[in-house]
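Undergrad: Quick one: structure below, then a few questions.
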Amino acid sequence: MAKIYPSELAAQPSFHSSAGEKAVYEALQTLDDKYTVFYSFRWLNADGQARSEGEGDFIVLHPEHGILSIEVKDGGIDYDGGAWWQTNRRTGARKRIDPFNQAAATQYRLQAILKERTPDIFTTVCRAVWFTSVELGQTRNLPPEVVRDIILDQTALEAPDAALRHVFDYWRRHLGFYMRPWAPGQYQAILRALMPSLHFVESLTSIHRETAADAILLTRQQASVLEFLQEQPTAAIHGLAGTGKTVLALERARRLAAKGRPVLYLCFNEFLLTHLQNECSIPHVTFHNVRTLAQELMQDDTIPIERVIPAFYDFFETSFDDSTWAWPDIVVDEGQDLSDSLIAHLADLAELYDGSFYVFYDREQYIMQKTSPAWMDTKAECRLVIYRNCRNTHEIADFISRLMGIPAERYENQIHGLPPTAFFYRDNERLLRRAEQFVAQMMKDGLAPEDIAILTIHSVKHSRLPMDVKLAGRALALTPEPGKILFTSTRKFKGLEAKAVLLIDSETSRLDDPLIRRLLYVGASRASLCLEVAFYEDDADTKSRAERKADEDALCARLGLKNHGDTRHEGR
């Protein structure tokens, strides 16, 4: 059977609404496997050529005969007044056609392509026209531009091999050219010249454009949540990482503040607070995290920083004067990181001042305390859920889904990007080299240093990556700084995002620990475009190389990661 390209046509191809093209396609399918056929071969000419572009209906290649450009016409055909005419059998409409010049134009373009791309291969390139609805017989009274030998008619549909050989034989005699049969390598070179294989890797910047637009535009589901909250003064809104909770919380705070009353926007994370204060100023909205709220309400700067929050929880529950509360409307972000007593008290204050109270939270992200607060699931009269991921690419969301057992159909989006990768290491030097390579590749792909974050699931102090190094010539920083690579913990970076994240210090022996999985979940969900997880093989000393490789591949398959692989056998 002939090889026909494109190899995958639609289940019911239209054939440009041409019954003739369909008939020829089906006839050529019956040829033996020495034939290769291109259907609907489109081309452009070089600048300044008489014909700038065109299309060959069929291009037929045979290693012993050469290449044939075929133009197909169906319906009634006649030649009158120095021109060819085609009559539609269904409508009776008559139009002027130029099939022989069309076939010739494609023939000459093929010759030019092969001369440029395969100059050392000499082959016959010729042309024919196939009138599929008529039978010509041995007609001799033809215009000077054509001979009967290069016209195929409906009889050729029954015996295409003989008909094509007849055309090739004519051109061999006419050109006086003997073509040496193509060697296998020459055949492949001609195929590559006419049908090259290309793979363009999507750039990180283009993926970012799509994900950024997707994140900015609230989904219908999210917009409906906001509309619903207009009539609901108290609600708990649960959403997985990347579903736009902070975007929704900010918009809800903006709408509340538009009424002119003070609004408290309360979060937990220090980096997130700094980002909100610097980038999201809203009239009548005060941004606090638990620490800064404690310092404002307690008016005591003698408490050590590590004791401020526990002291505040006790103070707020037992000593705070509710009559001094300043914000009737309250929006809480990162609700899973606040104490249950604090959330309950804030809800009571909102009710006391005839205000509104909204808590946005992710029950999977409670990594700042041992248990998740119960108020949202037991006391909130209205509980809503948002699903759609609008931060991470589909591939990163797939990893998160597998890691946490989240139903993929509810969580993943359709913005595709690079597959997340896994890197396995057994000593700190190898991790340092990989971190250098990762940063260098991200910057080569167009990311700025501040678009990249290295996150440890432990703490920077206890990380296997040293702080006092430069990666791809860029220093590391503990807080976001222009021109530097942020190096921090997943706990501190929670609530923020980076275009590229290298997540490190995950011991393979602890991957079944629920806390470790949640830390990986939080860290991985910060990556909007590119994610790599570096696994420390602390349990590999007693395993052979083959056993380690099998374990690595099994872990990658389970989590949807691509094994980086370049260093799999390095030094092992």
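In the structure tokens, each chain is lettered A, B, ... as it comes, each chain's residues begin at 1, and ligands are numbered from 1 in order of appearance.
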Counting only C-alpha atoms, what is within 8 Å of segment 530-532 of chain A, bar same-chain residues fewer than 5 positions away, as a PDB file with N, CA and C atoms, in the first residue's frame?

TA:
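As a result, part-v3.pdb now contains:
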```pdb
ATOM      1  N   LEU A 204       9.034  29.766  27.256  1.00  0.00           N
ATOM      2  CA  LEU A 204       8.446  30.047  28.559  1.00  0.00           C
ATOM      3  C   LEU A 204       7.698  31.368  28.546  1.00  0.00           C
ATOM      4  N   ILE A 396       1.959  20.925  35.437  1.00  0.00           N
ATOM      5  CA  ILE A 396       2.266  21.101  36.856  1.00  0.00           C
ATOM      6  C   ILE A 396       1.051  20.734  37.699  1.00  0.00           C
ATOM      7  N   GLY A 417       2.236  23.444  29.041  1.00  0.00           N
ATOM      8  CA  GLY A 417       3.604  23.946  29.081  1.00  0.00           C
ATOM      9  C   GLY A 417       4.588  22.806  29.175  1.00  0.00           C
ATOM     10  N   LEU A 418       5.703  23.055  29.833  1.00  0.00           N
ATOM     11  CA  LEU A 418       6.749  22.048  29.953  1.00  0.00           C
ATOM     12  C   LEU A 418       6.384  21.031  31.038  1.00  0.00           C
ATOM     13  N   PRO A 419       6.724  19.771  30.835  1.00  0.00           N
ATOM     14  CA  PRO A 419       6.475  18.786  31.895  1.00  0.00           C
ATOM     15  C   PRO A 419       7.392  19.059  33.081  1.00  0.00           C
ATOM     16  N   PRO A 420       6.891  18.963  34.307  1.00  0.00           N
ATOM     17  CA  PRO A 420       7.775  19.118  35.468  1.00  0.00           C
ATOM     18  C   PRO A 420       8.790  17.978  35.507  1.00  0.00           C
ATOM     19  N   THR A 421       9.974  18.264  36.000  1.00  0.00           N
ATOM     20  CA  THR A 421      11.045  17.276  35.982  1.00  0.00           C
ATOM     21  C   THR A 421      11.463  16.911  37.405  1.00  0.00           C
ATOM     22  N   ALA A 422      12.067  15.741  37.513  1.00  0.00           N
ATOM     23  CA  ALA A 422      12.616  15.271  38.782  1.00  0.00           C
ATOM     24  C   ALA A 422      14.123  15.138  38.641  1.00  0.00           C
ATOM     25  N   PHE A 423      14.829  15.501  39.695  1.00  0.00           N
ATOM     26  CA  PHE A 423      16.280  15.350  39.738  1.00  0.00           C
ATOM     27  C   PHE A 423      16.624  14.605  41.022  1.00  0.00           C
ATOM     28  N   LYS A 499       7.611  32.238  38.235  1.00  0.00           N
ATOM     29  CA  LYS A 499       7.478  31.592  36.937  1.00  0.00           C
ATOM     30  C   LYS A 499       8.206  30.245  36.905  1.00  0.00           C
ATOM     31  N   ALA A 500       9.346  30.173  37.601  1.00  0.00           N
ATOM     32  CA  ALA A 500      10.108  28.917  37.638  1.00  0.00           C
ATOM     33  C   ALA A 500      10.484  28.613  39.074  1.00  0.00           C
ATOM     34  N   VAL A 501      10.279  27.376  39.481  1.00  0.00           N
ATOM     35  CA  VAL A 501      10.575  26.960  40.852  1.00  0.00           C
ATOM     36  C   VAL A 501      11.435  25.700  40.828  1.00  0.00           C
ATOM     37  N   LEU A 502      12.526  25.736  41.590  1.00  0.00           N
ATOM     38  CA  LEU A 502      13.319  24.542  41.880  1.00  0.00           C
ATOM     39  C   LEU A 502      13.028  24.185  43.332  1.00  0.00           C
ATOM     40  N   LEU A 503      12.379  23.047  43.535  1.00  0.00           N
ATOM     41  CA  LEU A 503      11.944  22.611  44.858  1.00  0.00           C
ATOM     42  C   LEU A 503      12.926  21.557  45.359  1.00  0.00           C
ATOM     43  N   ALA A 524       5.302  23.203  45.044  1.00  0.00           N
ATOM     44  CA  ALA A 524       5.076  22.970  43.615  1.00  0.00           C
ATOM     45  C   ALA A 524       4.013  23.903  43.064  1.00  0.00           C
TER      46      ALA A 524
END
```

Undergrad: Can you list, as a list in words, all residues belonging to segment 494-560 of chain A that DSSP tags as helix (DSSP H, G or I)?

TA: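 For segment 494-560 of chain A, the helix (DSSP H, G or I) set is Thr508, Ser509, Arg510, Pro514, Leu515, Ile516, Arg517, Arg518, Leu519, Leu520, Tyr521, Val522, Gly523, Ala524, Arg545, Ala546, Glu547, Arg548, Lys549, Ala550, Asp551, Glu552, Asp553, Ala554, Leu555, Cys556, Ala557, Arg558 and Leu559 of chain A.
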
Undergrad: Using only C-alpha atoms, which residues sit within 10 Å of Gln154 of chain A once same-chain residues fewer than 2 positions away are excluded, as a short mmCIF file (atom, residue, chain, number, x, y, z; two decimals) with all heavy atoms, in the first residue's frame?

TA:
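Contents of out20.cif, as written:
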```cif
data_model
loop_
_atom_site.label_atom_id
_atom_site.label_comp_id
_atom_site.auth_asym_id
_atom_site.auth_seq_id
_atom_site.Cartn_x
_atom_site.Cartn_y
_atom_site.Cartn_z
N GLY A 20 -13.47 14.61 -7.46
CA GLY A 20 -12.32 14.13 -8.22
C GLY A 20 -11.13 13.85 -7.34
O GLY A 20 -10.46 12.81 -7.47
N ALA A 23 -11.69 10.70 -5.43
CA ALA A 23 -11.54 9.50 -6.25
C ALA A 23 -10.07 9.18 -6.50
O ALA A 23 -9.65 8.01 -6.44
CB ALA A 23 -12.28 9.69 -7.58
N VAL A 24 -9.26 10.21 -6.77
CA VAL A 24 -7.83 9.99 -7.01
C VAL A 24 -7.15 9.51 -5.72
O VAL A 24 -6.31 8.60 -5.75
CB VAL A 24 -7.17 11.27 -7.54
CG1 VAL A 24 -5.65 11.12 -7.57
CG2 VAL A 24 -7.70 11.61 -8.92
N ASP A 74 -12.55 17.57 -11.89
CA ASP A 74 -13.68 16.69 -12.18
C ASP A 74 -14.77 17.49 -12.90
O ASP A 74 -14.60 18.66 -13.22
CB ASP A 74 -14.22 16.04 -10.90
CG ASP A 74 -14.72 17.08 -9.89
OD1 ASP A 74 -14.58 18.30 -10.14
OD2 ASP A 74 -15.25 16.67 -8.85
N TRP A 130 -5.28 15.16 -14.28
CA TRP A 130 -6.18 14.02 -14.16
C TRP A 130 -7.62 14.53 -14.22
O TRP A 130 -8.10 15.18 -13.32
CB TRP A 130 -5.94 13.31 -12.83
CG TRP A 130 -6.39 11.87 -12.79
CD1 TRP A 130 -7.47 11.33 -13.40
CD2 TRP A 130 -5.74 10.80 -12.09
NE1 TRP A 130 -7.56 9.98 -13.15
CE2 TRP A 130 -6.50 9.63 -12.34
CE3 TRP A 130 -4.62 10.70 -11.27
CZ2 TRP A 130 -6.17 8.39 -11.79
CZ3 TRP A 130 -4.29 9.48 -10.74
CH2 TRP A 130 -5.05 8.33 -10.99
N PHE A 131 -8.30 14.23 -15.38
CA PHE A 131 -9.71 14.55 -15.54
C PHE A 131 -10.51 13.31 -15.11
O PHE A 131 -10.60 12.33 -15.86
CB PHE A 131 -10.03 14.91 -16.98
CG PHE A 131 -9.35 16.17 -17.47
CD1 PHE A 131 -8.74 16.21 -18.73
CD2 PHE A 131 -9.33 17.30 -16.68
CE1 PHE A 131 -8.13 17.37 -19.18
CE2 PHE A 131 -8.70 18.47 -17.14
CZ PHE A 131 -8.10 18.51 -18.38
N THR A 132 -11.07 13.34 -13.91
CA THR A 132 -11.62 12.13 -13.31
C THR A 132 -13.03 11.78 -13.77
O THR A 132 -13.51 10.67 -13.51
CB THR A 132 -11.63 12.26 -11.77
OG1 THR A 132 -12.45 13.39 -11.41
CG2 THR A 132 -10.23 12.45 -11.23
N SER A 133 -13.72 12.70 -14.45
CA SER A 133 -15.13 12.46 -14.80
C SER A 133 -15.35 12.20 -16.28
O SER A 133 -16.50 12.05 -16.72
CB SER A 133 -15.99 13.66 -14.36
OG SER A 133 -15.84 13.93 -13.00
N VAL A 134 -14.27 12.18 -17.05
CA VAL A 134 -14.42 12.02 -18.50
C VAL A 134 -13.52 10.90 -19.00
O VAL A 134 -12.56 10.51 -18.33
CB VAL A 134 -14.07 13.34 -19.24
CG1 VAL A 134 -15.00 14.47 -18.79
CG2 VAL A 134 -12.61 13.73 -19.01
N GLU A 135 -13.84 10.39 -20.18
CA GLU A 135 -13.02 9.38 -20.84
C GLU A 135 -12.59 9.95 -22.18
O GLU A 135 -13.42 10.25 -23.04
CB GLU A 135 -13.80 8.09 -21.02
CG GLU A 135 -12.96 6.95 -21.59
CD GLU A 135 -13.70 5.63 -21.60
OE1 GLU A 135 -14.70 5.49 -20.84
OE2 GLU A 135 -13.28 4.73 -22.36
N LEU A 136 -11.27 10.11 -22.38
CA LEU A 136 -10.76 10.81 -23.56
C LEU A 136 -10.48 9.90 -24.74
O LEU A 136 -10.44 10.35 -25.89
CB LEU A 136 -9.47 11.56 -23.20
CG LEU A 136 -9.59 12.68 -22.15
CD1 LEU A 136 -8.23 13.31 -21.93
CD2 LEU A 136 -10.61 13.71 -22.58
N LEU A 152 -4.54 12.03 -17.65
CA LEU A 152 -5.18 10.84 -17.09
C LEU A 152 -6.68 11.10 -17.04
O LEU A 152 -7.11 12.21 -16.77
CB LEU A 152 -4.65 10.56 -15.67
CG LEU A 152 -3.13 10.42 -15.55
CD1 LEU A 152 -2.72 10.37 -14.08
CD2 LEU A 152 -2.64 9.18 -16.26
N ALA A 156 -8.13 5.72 -15.68
CA ALA A 156 -6.91 5.56 -14.89
C ALA A 156 -7.21 5.27 -13.42
O ALA A 156 -6.35 4.77 -12.69
CB ALA A 156 -6.03 6.81 -15.00
N LEU A 157 -8.43 5.58 -13.00
CA LEU A 157 -8.80 5.29 -11.60
C LEU A 157 -8.82 3.79 -11.33
O LEU A 157 -8.61 3.35 -10.20
CB LEU A 157 -10.17 5.90 -11.28
CG LEU A 157 -10.27 7.43 -11.35
CD1 LEU A 157 -11.73 7.87 -11.19
CD2 LEU A 157 -9.41 8.07 -10.26
N GLU A 158 -9.07 2.99 -12.38
CA GLU A 158 -9.15 1.55 -12.21
C GLU A 158 -7.77 0.89 -12.23
O GLU A 158 -7.59 -0.19 -11.66
CB GLU A 158 -10.02 0.94 -13.32
CG GLU A 158 -11.44 1.50 -13.37
CD GLU A 158 -12.19 1.24 -12.08
OE1 GLU A 158 -11.97 0.16 -11.47
OE2 GLU A 158 -12.96 2.10 -11.65
N ALA A 159 -6.82 1.51 -12.90
CA ALA A 159 -5.47 0.94 -12.99
C ALA A 159 -4.44 2.06 -12.83
O ALA A 159 -3.73 2.42 -13.78
CB ALA A 159 -5.29 0.22 -14.32
N PRO A 160 -4.34 2.65 -11.65
CA PRO A 160 -3.47 3.82 -11.48
C PRO A 160 -1.99 3.53 -11.70
O PRO A 160 -1.27 4.39 -12.21
CB PRO A 160 -3.75 4.26 -10.04
CG PRO A 160 -4.29 3.04 -9.36
CD PRO A 160 -5.05 2.30 -10.42
#
```

Undergrad: May I ask which of the residues A:Glu409, A:Cys280, A:Phe535, A:Gly75 is the closest one to Thr91 of chain A, counting only C-alpha atoms?

TA: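 With only C-alpha atoms as the atom set, the closest residue is A:Gly75.
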
Undergrad: Return as CSV the residues of segment 285-364 of chain A lying at most 12 Å from segment 225-231 of chain A, together with the closest atom-to-atom pair for each and the distance in Å to one decimal, counting only C-alpha atoms, with rows in chain order and ascending residue number.

TA:
```
residue,atom,partner,partner_atom,distance
A:Val331,CA,A:Leu229,CA,11.9
A:Ser356,CA,A:Leu229,CA,9.6
A:Phe357,CA,A:Leu229,CA,10.2
A:Tyr358,CA,A:Leu229,CA,8.9
A:Val359,CA,A:Leu229,CA,11.7
A:Phe360,CA,A:Val225,CA,11.8
```

Undergrad: Atoms to include: all heavy atoms. Write the selected residues as a compact mmCIF listing (two decimals), in the first residue's frame.

TA:
```txt
# COMPACT_ATOMS: atom_id res chain seq x y z
N VAL A 331 -11.85 40.41 55.46
CA VAL A 331 -11.53 39.37 54.47
C VAL A 331 -10.25 38.67 54.94
O VAL A 331 -9.22 39.32 55.14
CB VAL A 331 -11.33 39.97 53.06
CG1 VAL A 331 -10.91 38.87 52.08
CG2 VAL A 331 -12.60 40.66 52.59
N SER A 356 -19.34 42.22 57.20
CA SER A 356 -19.20 40.99 56.42
C SER A 356 -17.91 40.29 56.83
O SER A 356 -16.92 40.93 57.21
CB SER A 356 -19.16 41.29 54.92
OG SER A 356 -20.36 41.92 54.51
N PHE A 357 -17.92 38.96 56.70
CA PHE A 357 -16.74 38.16 57.07
C PHE A 357 -16.57 37.03 56.06
O PHE A 357 -17.47 36.21 55.87
CB PHE A 357 -16.92 37.57 58.47
CG PHE A 357 -15.74 36.76 58.93
CD1 PHE A 357 -14.50 37.35 59.12
CD2 PHE A 357 -15.86 35.40 59.17
CE1 PHE A 357 -13.42 36.60 59.56
CE2 PHE A 357 -14.78 34.65 59.60
CZ PHE A 357 -13.55 35.26 59.79
N TYR A 358 -15.40 37.02 55.41
CA TYR A 358 -15.12 35.99 54.41
C TYR A 358 -13.75 35.38 54.69
O TYR A 358 -12.77 36.10 54.90
CB TYR A 358 -15.13 36.59 53.00
CG TYR A 358 -16.42 37.30 52.68
CD1 TYR A 358 -16.49 38.70 52.71
CD2 TYR A 358 -17.58 36.60 52.39
CE1 TYR A 358 -17.68 39.37 52.44
CE2 TYR A 358 -18.77 37.25 52.11
CZ TYR A 358 -18.81 38.64 52.15
OH TYR A 358 -20.00 39.29 51.90
N VAL A 359 -13.70 34.07 54.69
CA VAL A 359 -12.44 33.35 54.89
C VAL A 359 -12.14 32.54 53.63
O VAL A 359 -12.93 31.69 53.22
CB VAL A 359 -12.52 32.39 56.10
CG1 VAL A 359 -11.17 31.70 56.29
CG2 VAL A 359 -12.91 33.13 57.35
N PHE A 360 -11.00 32.79 53.03
CA PHE A 360 -10.51 32.01 51.90
C PHE A 360 -9.41 31.09 52.42
O PHE A 360 -8.48 31.56 53.10
CB PHE A 360 -9.96 32.94 50.81
CG PHE A 360 -11.02 33.77 50.14
CD1 PHE A 360 -11.47 34.95 50.72
CD2 PHE A 360 -11.57 33.37 48.93
CE1 PHE A 360 -12.45 35.72 50.12
CE2 PHE A 360 -12.56 34.14 48.32
CZ PHE A 360 -13.00 35.31 48.91
```

Undergrad: Show which residues sit within 8 Å of Thr479 of chain A, as a count of residues only. Count only C-alpha atoms, and ignore same-chain residues fewer than 4 positions away.

TA: 4

Undergrad: Excluding same-chain residues fewer than 6 positions from Ile77 of chain A, what lies within 7 Å of it counting only C-alpha atoms, as an mmCIF file with N, CA and C atoms, in the first residue's frame?

TA:
```
data_model
loop_
_atom_site.group_PDB
_atom_site.id
_atom_site.type_symbol
_atom_site.label_atom_id
_atom_site.label_comp_id
_atom_site.auth_asym_id
_atom_site.auth_seq_id
_atom_site.Cartn_x
_atom_site.Cartn_y
_atom_site.Cartn_z
ATOM 1 N N TRP A 85 -12.188 24.853 -19.803
ATOM 2 C CA TRP A 85 -13.396 25.157 -19.036
ATOM 3 C C TRP A 85 -13.866 23.904 -18.302
ATOM 4 N N GLN A 86 -14.427 24.139 -17.116
ATOM 5 C CA GLN A 86 -14.951 23.052 -16.271
ATOM 6 C C GLN A 86 -16.425 23.331 -15.978
ATOM 7 N N THR A 87 -17.267 22.312 -16.156
ATOM 8 C CA THR A 87 -18.702 22.460 -15.903
ATOM 9 C C THR A 87 -19.103 21.588 -14.722
#
```

Undergrad: Could you give me, as a list in words, the residues within 10 Å of Ile59 of chain A, counting only C-alpha atoms and dropping anything in the same chain fewer than 2 positions from it?

TA: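 Residues meeting the cut-off are Ile4, Tyr5, Thr36, Val37, Phe38, Tyr39, Ser40, Phe41, Gly56, Asp57, Leu61, Ile67, Leu68, Ser69, Ile70, Glu71, Ala103, Thr106, Gln107, Leu110, Val125, Cys126 and Arg127 of chain A.
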
Undergrad: Counting only C-alpha atoms, which residue out of A:Arg474, A:Arg426, A:His284, A:Lys492 sits closest to Asp541 of chain A?

TA: A:Arg426
